[in-house]
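Structure data (mmCIF, C-alpha atoms and all ligand atoms; chains and numbers go by the auth columns) from query_36.cif:
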```cif
data_run
#
loop_
_atom_site.group_PDB
_atom_site.id
_atom_site.type_symbol
_atom_site.label_atom_id
_atom_site.label_comp_id
_atom_site.label_asym_id
_atom_site.label_seq_id
_atom_site.Cartn_x
_atom_site.Cartn_y
_atom_site.Cartn_z
_atom_site.B_iso_or_equiv
_atom_site.auth_seq_id
_atom_site.auth_asym_id
ATOM 1 C CA MET A 1 -8.546 17.137 -5.725 0.00 175 A
ATOM 2 C CA PHE A 2 -6.166 14.213 -6.273 0.00 176 A
ATOM 3 C CA LYS A 3 -4.443 14.955 -2.992 0.00 177 A
ATOM 4 C CA MET A 4 -7.808 14.708 -1.182 0.00 178 A
ATOM 5 C CA LEU A 5 -8.715 11.542 -3.058 0.00 179 A
ATOM 6 C CA HIS A 6 -5.299 10.035 -2.288 0.00 180 A
ATOM 7 C CA SER A 7 -5.628 11.000 1.362 0.00 181 A
ATOM 8 C CA GLY A 8 -9.139 9.481 1.680 0.00 182 A
ATOM 9 C CA TRP A 9 -8.350 6.337 -0.315 0.00 183 A
ATOM 10 C CA ALA A 10 -5.394 5.728 2.009 0.00 184 A
ATOM 11 C CA TYR A 11 -7.862 4.902 4.837 0.00 185 A
ATOM 12 C CA ILE A 12 -9.614 2.313 2.668 0.00 186 A
ATOM 13 C CA THR A 13 -6.263 0.874 1.506 0.00 187 A
ATOM 14 C CA LEU A 14 -4.846 0.519 5.018 0.00 188 A
ATOM 15 C CA ILE A 15 -8.049 -0.937 6.468 0.00 189 A
ATOM 16 C CA ILE A 16 -8.423 -3.603 3.762 0.00 190 A
ATOM 17 C CA VAL A 17 -4.704 -4.549 3.794 0.00 191 A
ATOM 18 C CA ILE A 18 -4.770 -4.867 7.619 0.00 192 A
ATOM 19 C CA PHE A 19 -7.965 -6.922 7.299 0.00 193 A
ATOM 20 C CA ALA A 20 -6.345 -9.226 4.706 0.00 194 A
ATOM 21 C CA VAL A 21 -3.289 -9.774 6.955 0.00 195 A
ATOM 22 C CA VAL A 22 -5.381 -10.446 10.081 0.00 196 A
ATOM 23 C CA ASN A 23 -7.686 -12.791 8.131 0.00 197 A
ATOM 24 C CA ALA A 24 -4.681 -14.732 6.779 0.00 198 A
ATOM 25 C CA ILE A 25 -3.054 -15.029 10.233 0.00 199 A
ATOM 26 C CA MET A 26 -6.359 -16.183 11.749 0.00 200 A
ATOM 27 C CA GLY A 27 -6.896 -18.690 8.939 0.00 201 A
ATOM 28 C CA LEU A 28 -3.388 -20.026 9.448 0.00 202 A
ATOM 29 C CA THR A 29 -3.592 -20.342 13.223 0.00 203 A
ATOM 30 C CA SER A 30 -7.078 -21.904 13.218 0.00 204 A
ATOM 31 C CA LYS A 31 -5.993 -24.315 10.440 0.00 205 A
ATOM 32 C CA ARG A 32 -9.247 -23.746 8.575 0.00 206 A
ATOM 33 C CA GLU A 33 -9.976 -24.254 4.902 0.00 207 A
ATOM 34 C CA PHE A 34 -8.973 -21.471 2.459 0.00 208 A
ATOM 35 C CA LYS A 35 -12.201 -20.447 0.750 0.00 209 A
ATOM 36 C CA ASP A 36 -12.016 -18.707 -2.630 0.00 210 A
ATOM 37 C CA SER A 37 -15.429 -17.146 -1.998 0.00 211 A
ATOM 38 C CA LYS A 38 -14.105 -15.372 1.103 0.00 212 A
ATOM 39 C CA ASP A 39 -10.326 -15.522 1.554 0.00 213 A
ATOM 40 C CA LEU A 40 -9.331 -15.107 -2.094 0.00 214 A
ATOM 41 C CA ARG A 41 -11.814 -12.253 -2.442 0.00 215 A
ATOM 42 C CA ILE A 42 -10.378 -10.400 0.570 0.00 216 A
ATOM 43 C CA SER A 43 -6.816 -10.640 -0.777 0.00 217 A
ATOM 44 C CA LEU A 44 -7.992 -9.730 -4.302 0.00 218 A
ATOM 45 C CA PHE A 45 -9.889 -6.735 -2.928 0.00 219 A
ATOM 46 C CA ALA A 46 -6.754 -5.556 -1.083 0.00 220 A
ATOM 47 C CA LEU A 47 -4.771 -5.958 -4.323 0.00 221 A
ATOM 48 C CA ILE A 48 -7.264 -3.923 -6.362 0.00 222 A
ATOM 49 C CA VAL A 49 -7.667 -1.180 -3.747 0.00 223 A
ATOM 50 C CA SER A 50 -3.887 -0.751 -3.408 0.00 224 A
ATOM 51 C CA HIS A 51 -3.454 -0.643 -7.206 0.00 225 A
ATOM 52 C CA ILE A 52 -6.066 2.114 -7.394 0.00 226 A
ATOM 53 C CA GLN A 53 -4.116 3.981 -4.667 0.00 227 A
ATOM 54 C CA LEU A 54 -0.963 3.562 -6.771 0.00 228 A
ATOM 55 C CA ILE A 55 -2.635 5.226 -9.767 0.00 229 A
ATOM 56 C CA ILE A 56 -4.099 8.065 -7.669 0.00 230 A
ATOM 57 C CA GLY A 57 -0.681 8.478 -5.981 0.00 231 A
ATOM 58 C CA LEU A 58 1.115 8.732 -9.324 0.00 232 A
ATOM 59 C CA ILE A 59 -1.248 11.488 -10.458 0.00 233 A
ATOM 60 C CA ALA A 60 -0.995 13.256 -7.065 0.00 234 A
ATOM 61 C CA TYR A 61 2.797 13.060 -7.423 0.00 235 A
ATOM 62 C CA PHE A 62 3.002 14.937 -10.711 0.00 236 A
ATOM 63 C CA VAL A 63 0.630 17.696 -9.594 0.00 237 A
ATOM 64 C CA SER A 64 2.155 18.056 -6.097 0.00 238 A
ATOM 65 C CA ALA A 65 3.920 21.128 -4.730 0.00 239 A
ATOM 66 C CA GLN A 66 6.886 18.869 -3.915 0.00 240 A
ATOM 67 C CA PHE A 67 7.297 17.823 -7.566 0.00 241 A
ATOM 68 C CA ALA A 68 6.989 21.495 -8.605 0.00 242 A
ATOM 69 C CA PHE A 69 9.836 22.202 -6.155 0.00 243 A
ATOM 70 C CA VAL A 70 12.005 19.615 -7.956 0.00 244 A
ATOM 71 C CA LEU A 71 11.232 21.168 -11.338 0.00 245 A
ATOM 72 C CA ASP A 72 12.105 24.641 -10.041 0.00 246 A
ATOM 73 C CA ASN A 73 15.133 23.853 -7.883 0.00 247 A
ATOM 74 C CA GLY A 74 16.450 20.478 -9.048 0.00 248 A
ATOM 75 C CA MET A 75 16.661 17.068 -7.352 0.00 249 A
ATOM 76 C CA GLY A 76 19.780 18.006 -5.351 0.00 250 A
ATOM 77 C CA ALA A 77 17.964 20.814 -3.535 0.00 251 A
ATOM 78 C CA ALA A 78 14.925 18.556 -2.912 0.00 252 A
ATOM 79 C CA MET A 79 17.154 15.886 -1.326 0.00 253 A
ATOM 80 C CA LYS A 80 18.443 18.406 1.219 0.00 254 A
ATOM 81 C CA GLU A 81 14.903 19.102 2.509 0.00 255 A
ATOM 82 C CA PRO A 82 13.652 16.120 4.577 0.00 256 A
ATOM 83 C CA ASP A 83 9.965 17.069 4.146 0.00 257 A
ATOM 84 C CA ILE A 84 10.282 17.293 0.384 0.00 258 A
ATOM 85 C CA ARG A 85 12.521 14.206 0.107 0.00 259 A
ATOM 86 C CA LEU A 86 9.816 12.188 1.882 0.00 260 A
ATOM 87 C CA PHE A 87 7.213 12.969 -0.800 0.00 261 A
ATOM 88 C CA VAL A 88 9.523 13.023 -3.814 0.00 262 A
ATOM 89 C CA ILE A 89 11.499 9.815 -3.128 0.00 263 A
ATOM 90 C CA GLU A 90 10.890 7.918 0.117 0.00 264 A
ATOM 91 C CA HIS A 91 7.075 7.749 0.208 0.00 265 A
ATOM 92 C CA PRO A 92 6.506 6.890 -3.487 0.00 266 A
ATOM 93 C CA LEU A 93 9.382 4.344 -3.645 0.00 267 A
ATOM 94 C CA MET A 94 8.327 2.551 -0.467 0.00 268 A
ATOM 95 C CA MET A 95 4.661 2.483 -1.525 0.00 269 A
ATOM 96 C CA ILE A 96 5.488 1.175 -5.018 0.00 270 A
ATOM 97 C CA LEU A 97 7.647 -1.507 -3.374 0.00 271 A
ATOM 98 C CA ALA A 98 4.815 -2.406 -0.966 0.00 272 A
ATOM 99 C CA ILE A 99 2.268 -2.709 -3.787 0.00 273 A
ATOM 100 C CA THR A 100 4.721 -4.813 -5.826 0.00 274 A
ATOM 101 C CA ILE A 101 5.116 -7.177 -2.841 0.00 275 A
ATOM 102 C CA ILE A 102 1.310 -7.447 -2.526 0.00 276 A
ATOM 103 C CA THR A 103 1.083 -8.266 -6.243 0.00 277 A
ATOM 104 C CA ILE A 104 3.801 -10.951 -5.980 0.00 278 A
ATOM 105 C CA GLY A 105 2.134 -12.367 -2.836 0.00 279 A
ATOM 106 C CA PHE A 106 -1.240 -12.581 -4.541 0.00 280 A
ATOM 107 C CA SER A 107 0.159 -14.401 -7.549 0.00 281 A
ATOM 108 C CA LYS A 108 2.271 -16.747 -5.367 0.00 282 A
ATOM 109 C CA HIS A 109 -0.619 -17.655 -3.055 0.00 283 A
ATOM 110 C CA LYS A 110 -2.629 -18.871 -6.052 0.00 284 A
ATOM 111 C CA LYS A 111 0.118 -21.374 -6.878 0.00 285 A
ATOM 112 C CA GLN A 112 0.074 -22.868 -3.377 0.00 286 A
ATOM 113 C CA THR A 113 -1.656 -26.226 -3.156 0.00 287 A
ATOM 114 C CA THR A 114 -2.426 -26.318 0.582 0.00 288 A
ATOM 115 C CA ASP A 115 -4.740 -24.093 2.633 0.00 289 A
ATOM 116 C CA SER A 116 -1.985 -23.257 5.114 0.00 290 A
ATOM 117 C CA GLY A 117 0.403 -22.467 2.230 0.00 291 A
ATOM 118 C CA LYS A 118 -2.108 -19.953 0.831 0.00 292 A
ATOM 119 C CA PHE A 119 -2.716 -18.289 4.207 0.00 293 A
ATOM 120 C CA LYS A 120 1.027 -18.229 4.973 0.00 294 A
ATOM 121 C CA THR A 121 1.882 -16.576 1.644 0.00 295 A
ATOM 122 C CA ILE A 122 -0.760 -13.857 2.089 0.00 296 A
ATOM 123 C CA ALA A 123 0.200 -13.265 5.746 0.00 297 A
ATOM 124 C CA LEU A 124 3.895 -12.965 4.870 0.00 298 A
ATOM 125 C CA TYR A 125 3.777 -10.842 1.704 0.00 299 A
ATOM 126 C CA TYR A 126 0.873 -8.611 2.677 0.00 300 A
ATOM 127 C CA GLY A 127 2.313 -8.299 6.213 0.00 301 A
ATOM 128 C CA VAL A 128 5.699 -7.090 4.920 0.00 302 A
ATOM 129 C CA ALA A 129 3.943 -4.718 2.500 0.00 303 A
ATOM 130 C CA LEU A 130 1.859 -3.333 5.358 0.00 304 A
ATOM 131 C CA ILE A 131 4.978 -2.626 7.443 0.00 305 A
ATOM 132 C CA PHE A 132 6.529 -0.818 4.454 0.00 306 A
ATOM 133 C CA MET A 133 3.370 1.249 4.002 0.00 307 A
ATOM 134 C CA LEU A 134 3.108 2.178 7.681 0.00 308 A
ATOM 135 C CA SER A 135 6.795 3.159 7.755 0.00 309 A
ATOM 136 C CA ARG A 136 6.444 5.889 5.114 0.00 310 A
ATOM 137 C CA ILE A 137 2.999 7.345 5.689 0.00 311 A
ATOM 138 C CA PRO A 138 3.317 11.060 6.477 0.00 312 A
ATOM 139 C CA TRP A 139 1.382 10.565 9.736 0.00 313 A
ATOM 140 C CA SER A 140 1.633 14.103 11.136 0.00 314 A
ATOM 141 C CA GLN A 141 0.510 15.716 7.875 0.00 315 A
ATOM 142 C CA TRP A 142 -2.187 13.111 7.202 0.00 316 A
ATOM 143 C CA LEU A 143 -3.844 13.172 10.596 0.00 317 A
ATOM 144 C CA SER A 144 -3.507 16.925 11.182 0.00 318 A
ATOM 145 C CA PHE A 145 -6.225 17.780 8.556 0.00 319 A
HETATM 146 C C1 LIG B . -0.567 2.092 -0.621 0.00 1 B
HETATM 147 C C2 LIG B . -0.037 3.126 -1.148 0.00 1 B
HETATM 148 C C3 LIG B . -0.104 4.522 -0.599 0.00 1 B
HETATM 149 C C4 LIG B . -0.630 4.997 0.580 0.00 1 B
HETATM 150 C C5 LIG B . -1.328 4.207 1.687 0.00 1 B
HETATM 151 C C6 LIG B . -0.407 6.430 0.584 0.00 1 B
HETATM 152 C C7 LIG B . -0.786 7.278 1.602 0.00 1 B
HETATM 153 C C8 LIG B . -0.589 8.653 1.603 0.00 1 B
HETATM 154 C C9 LIG B . -1.025 9.540 2.635 0.00 1 B
HETATM 155 C C10 LIG B . -1.782 9.124 3.878 0.00 1 B
HETATM 156 C C11 LIG B . -0.653 10.802 2.293 0.00 1 B
HETATM 157 C C12 LIG B . -0.893 12.093 3.082 0.00 1 B
HETATM 158 C C13 LIG B . -2.131 12.759 2.542 0.00 1 B
HETATM 159 C C14 LIG B . -2.470 14.029 3.300 0.00 1 B
HETATM 160 O O1 LIG B . -1.576 14.788 3.654 0.00 1 B
HETATM 161 O O2 LIG B . -3.663 14.260 3.564 0.00 1 B
HETATM 162 C C15 LIG B . 0.051 10.716 1.032 0.00 1 B
HETATM 163 C C16 LIG B . 0.582 11.791 0.351 0.00 1 B
HETATM 164 C C17 LIG B . 1.218 11.711 -0.860 0.00 1 B
HETATM 165 N N1 LIG B . 1.428 10.574 -1.595 0.00 1 B
HETATM 166 FE FE1 LIG B . 0.834 8.697 -1.092 0.00 1 B
HETATM 167 N N2 LIG B . 0.258 6.786 -0.560 0.00 1 B
HETATM 168 C C18 LIG B . 0.471 5.660 -1.315 0.00 1 B
HETATM 169 C C19 LIG B . 1.110 5.575 -2.533 0.00 1 B
HETATM 170 C C20 LIG B . 1.671 6.643 -3.211 0.00 1 B
HETATM 171 C C21 LIG B . 2.366 6.546 -4.459 0.00 1 B
HETATM 172 C C22 LIG B . 2.613 5.237 -5.220 0.00 1 B
HETATM 173 C C23 LIG B . 2.749 7.817 -4.796 0.00 1 B
HETATM 174 C C24 LIG B . 3.506 8.332 -5.989 0.00 1 B
HETATM 175 C C25 LIG B . 4.040 7.652 -6.927 0.00 1 B
HETATM 176 C C26 LIG B . 2.299 8.704 -3.762 0.00 1 B
HETATM 177 C C27 LIG B . 2.496 10.061 -3.742 0.00 1 B
HETATM 178 C C28 LIG B . 2.095 10.915 -2.745 0.00 1 B
HETATM 179 C C29 LIG B . 2.333 12.350 -2.751 0.00 1 B
HETATM 180 C C30 LIG B . 3.051 13.159 -3.839 0.00 1 B
HETATM 181 C C31 LIG B . 1.779 12.851 -1.580 0.00 1 B
HETATM 182 C C32 LIG B . 1.797 14.310 -1.093 0.00 1 B
HETATM 183 C C33 LIG B . 0.654 15.066 -1.710 0.00 1 B
HETATM 184 C C34 LIG B . 0.763 16.515 -1.309 0.00 1 B
HETATM 185 O O3 LIG B . 1.066 16.827 -0.144 0.00 1 B
HETATM 186 O O4 LIG B . 0.535 17.349 -2.183 0.00 1 B
HETATM 187 N N3 LIG B . 1.646 7.948 -2.803 0.00 1 B
HETATM 188 N N4 LIG B . 0.053 9.401 0.640 0.00 1 B
#
```
Can you dump the structure from the file as structure tokens?
Ligand code: HEM
Amino acid sequence: MFKMLHSGWAYITLIIVIFAVVNAIMGLTSKREFKDSKDLRISLFALIVSHIQLIIGLIAYFVSAQFAFVLDNGMGAAMKEPDIRLFVIEHPLMMILAITIITIGFSKHKKQTTDSGKFKTIALYYGVALIFMLSRIPWSQWLSF
């Protein structure tokens, strides 16, 4: 159940993070005002949605077949299997890093005093986090259903 939830929530997470990045880039290039009622809400929504994905991911991790493999065969054996290594180390680490960067970006953008500074901070931090996320999504497994 958690695997399904994690898989479905990933669509929402990616869509809202992409939306937040595009909105920040557009705000920056059009030099418009940063509105808390719209722009802060979009970045806050992306923060909340990705934190929920982190919690679901952590639960999915401990009930996954890949984690059971580690318990049965040890970390050394898991590292030798690329498919298992992806889910045991690479995917979780990269995603935790991405969500940490989003969290730092959100808190830093609030300290910015100019509209462009706020947009720039969101575009940069959320953009880097998005690249990290996209780099370690198990695309073939996810989209094969
Ligand atoms: C923004 C963050 C994240 C995104 C977008 C994401 C996305 C995904 C996607 C698309 C899948 C494939 C699902 C499928 O095969 O249908 C997956 C699998 C998985 N993810 Fe994440 N994930 C994130 C964070 C995490 C975190 C933080 C952890 C663990 C600490 C985690 C653990 C796992 C595990 C264990 C699987 C494999 C489940 C299985 O095959 O049994 N994920 N994730």
**Request:** Kindly compile the residues surrounding ligand LIG 1 (chain B) within 8 Å, counting all atoms listed in the file, and format them as a VMD selection string.
**Result:** chain A and resid 177 to 178 180 to 185 187 to 188 224 to 225 227 to 241 261 to 262 265 to 270 272 to 273 307 to 308 311 to 313 315 to 317 319
I need the residues from that last selection saved to file as a compact mmCIF listing (two decimals), in the frame of the given file (with C-alpha atoms), if you can.
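Written file, result31.txt:
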```
# COMPACT_ATOMS: atom_id res chain seq x y z
CA LYS A 177 -4.44 14.96 -2.99
CA MET A 178 -7.81 14.71 -1.18
CA HIS A 180 -5.30 10.04 -2.29
CA SER A 181 -5.63 11.00 1.36
CA GLY A 182 -9.14 9.48 1.68
CA TRP A 183 -8.35 6.34 -0.32
CA ALA A 184 -5.39 5.73 2.01
CA TYR A 185 -7.86 4.90 4.84
CA THR A 187 -6.26 0.87 1.51
CA LEU A 188 -4.85 0.52 5.02
CA SER A 224 -3.89 -0.75 -3.41
CA HIS A 225 -3.45 -0.64 -7.21
CA GLN A 227 -4.12 3.98 -4.67
CA LEU A 228 -0.96 3.56 -6.77
CA ILE A 229 -2.64 5.23 -9.77
CA ILE A 230 -4.10 8.06 -7.67
CA GLY A 231 -0.68 8.48 -5.98
CA LEU A 232 1.12 8.73 -9.32
CA ILE A 233 -1.25 11.49 -10.46
CA ALA A 234 -1.00 13.26 -7.06
CA TYR A 235 2.80 13.06 -7.42
CA PHE A 236 3.00 14.94 -10.71
CA VAL A 237 0.63 17.70 -9.59
CA SER A 238 2.15 18.06 -6.10
CA ALA A 239 3.92 21.13 -4.73
CA GLN A 240 6.89 18.87 -3.92
CA PHE A 241 7.30 17.82 -7.57
CA PHE A 261 7.21 12.97 -0.80
CA VAL A 262 9.52 13.02 -3.81
CA HIS A 265 7.08 7.75 0.21
CA PRO A 266 6.51 6.89 -3.49
CA LEU A 267 9.38 4.34 -3.64
CA MET A 268 8.33 2.55 -0.47
CA MET A 269 4.66 2.48 -1.52
CA ILE A 270 5.49 1.18 -5.02
CA ALA A 272 4.82 -2.41 -0.97
CA ILE A 273 2.27 -2.71 -3.79
CA MET A 307 3.37 1.25 4.00
CA LEU A 308 3.11 2.18 7.68
CA ILE A 311 3.00 7.34 5.69
CA PRO A 312 3.32 11.06 6.48
CA TRP A 313 1.38 10.56 9.74
CA GLN A 315 0.51 15.72 7.88
CA TRP A 316 -2.19 13.11 7.20
CA LEU A 317 -3.84 13.17 10.60
CA PHE A 319 -6.22 17.78 8.56
```
**Selected residue of minimal separation from A:Arg259 among A:Val244, A:Ile278, A:Leu179, A:Leu214, counting all atoms listed in the file** =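 Using all atoms listed in the file, A:Arg259 sits closest to A:Val244.
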**Prompt:** Out of A:Ala242, A:Leu271, A:Thr288, A:Gly279, which residue has the shortest atom-to-atom distance to A:Lys209 when counting all atoms listed in the file?
**Reply:** A:Thr288
Which residues, protein or nucleic acid, reach to within 12 Å of (-1.0, -13.6, -8.9) in the file's coordinates when using only C-alpha atoms, and can you give that as a PDB file with C-alpha atoms, keeping the file's coordinate frame?
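Result saved to selection_10.pdb:
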```
ATOM      1  CA  LEU A 214      -9.331 -15.107  -2.094  1.00  0.00           C
ATOM      2  CA  SER A 217      -6.816 -10.640  -0.777  1.00  0.00           C
ATOM      3  CA  LEU A 218      -7.992  -9.730  -4.302  1.00  0.00           C
ATOM      4  CA  LEU A 221      -4.771  -5.958  -4.323  1.00  0.00           C
ATOM      5  CA  ILE A 222      -7.264  -3.923  -6.362  1.00  0.00           C
ATOM      6  CA  THR A 274       4.721  -4.813  -5.826  1.00  0.00           C
ATOM      7  CA  ILE A 275       5.116  -7.177  -2.841  1.00  0.00           C
ATOM      8  CA  ILE A 276       1.310  -7.447  -2.526  1.00  0.00           C
ATOM      9  CA  THR A 277       1.083  -8.266  -6.243  1.00  0.00           C
ATOM     10  CA  ILE A 278       3.801 -10.951  -5.980  1.00  0.00           C
ATOM     11  CA  GLY A 279       2.134 -12.367  -2.836  1.00  0.00           C
ATOM     12  CA  PHE A 280      -1.240 -12.581  -4.541  1.00  0.00           C
ATOM     13  CA  SER A 281       0.159 -14.401  -7.549  1.00  0.00           C
ATOM     14  CA  LYS A 282       2.271 -16.747  -5.367  1.00  0.00           C
ATOM     15  CA  HIS A 283      -0.619 -17.655  -3.055  1.00  0.00           C
ATOM     16  CA  LYS A 284      -2.629 -18.871  -6.052  1.00  0.00           C
ATOM     17  CA  LYS A 285       0.118 -21.374  -6.878  1.00  0.00           C
ATOM     18  CA  GLN A 286       0.074 -22.868  -3.377  1.00  0.00           C
ATOM     19  CA  LYS A 292      -2.108 -19.953   0.831  1.00  0.00           C
ATOM     20  CA  THR A 295       1.882 -16.576   1.644  1.00  0.00           C
ATOM     21  CA  ILE A 296      -0.760 -13.857   2.089  1.00  0.00           C
ATOM     22  CA  TYR A 299       3.777 -10.842   1.704  1.00  0.00           C
TER      23      TYR A 299
END
```
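Using all atoms listed in the file, the shortest contact distance between A:Ile199 and any of A:Ala251, A:Val302, A:Ser309, A:Lys294 is found at A:Lys294.
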Put a box with edges along x, y and z around all the listed atoms of stretch 181-190 of chain A, pad it by 8 Å on each side, then give me its centre and sizes in Å, one decimal, as AutoDock Vina command-line options.
```
--center_x -7.2 --center_y 3.7 --center_z 3.1 --size_x 20.8 --size_y 30.6 --size_z 22.8
```
**Request:** On this file, the PyMOL selection byres (((chain A and resi 191) around 8) and not hetatm) gives some set of residues; write that set as a VMD selection string.
**Result:** chain A and resid 187 to 190 192 to 195 217 220 300 304
**Nearest-residue call for A:Glu264, choices A:Ser290, A:Phe306, A:Phe176, A:Phe243, using only C-alpha atoms** =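 The closest residue to A:Glu264 is A:Phe306.
What separates atom CA of A:Lys205 from atom CA of A:Thr287 is a distance of 14.4 Å.
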**Asked** When you draw a straight line from atom CA of A:Ala252 to atom CA of A:Ile305, how long is it in Å?
**Response**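 If I compute the distance from atom CA of A:Ala252 to atom CA of A:Ile305, I get 25.6 Å.
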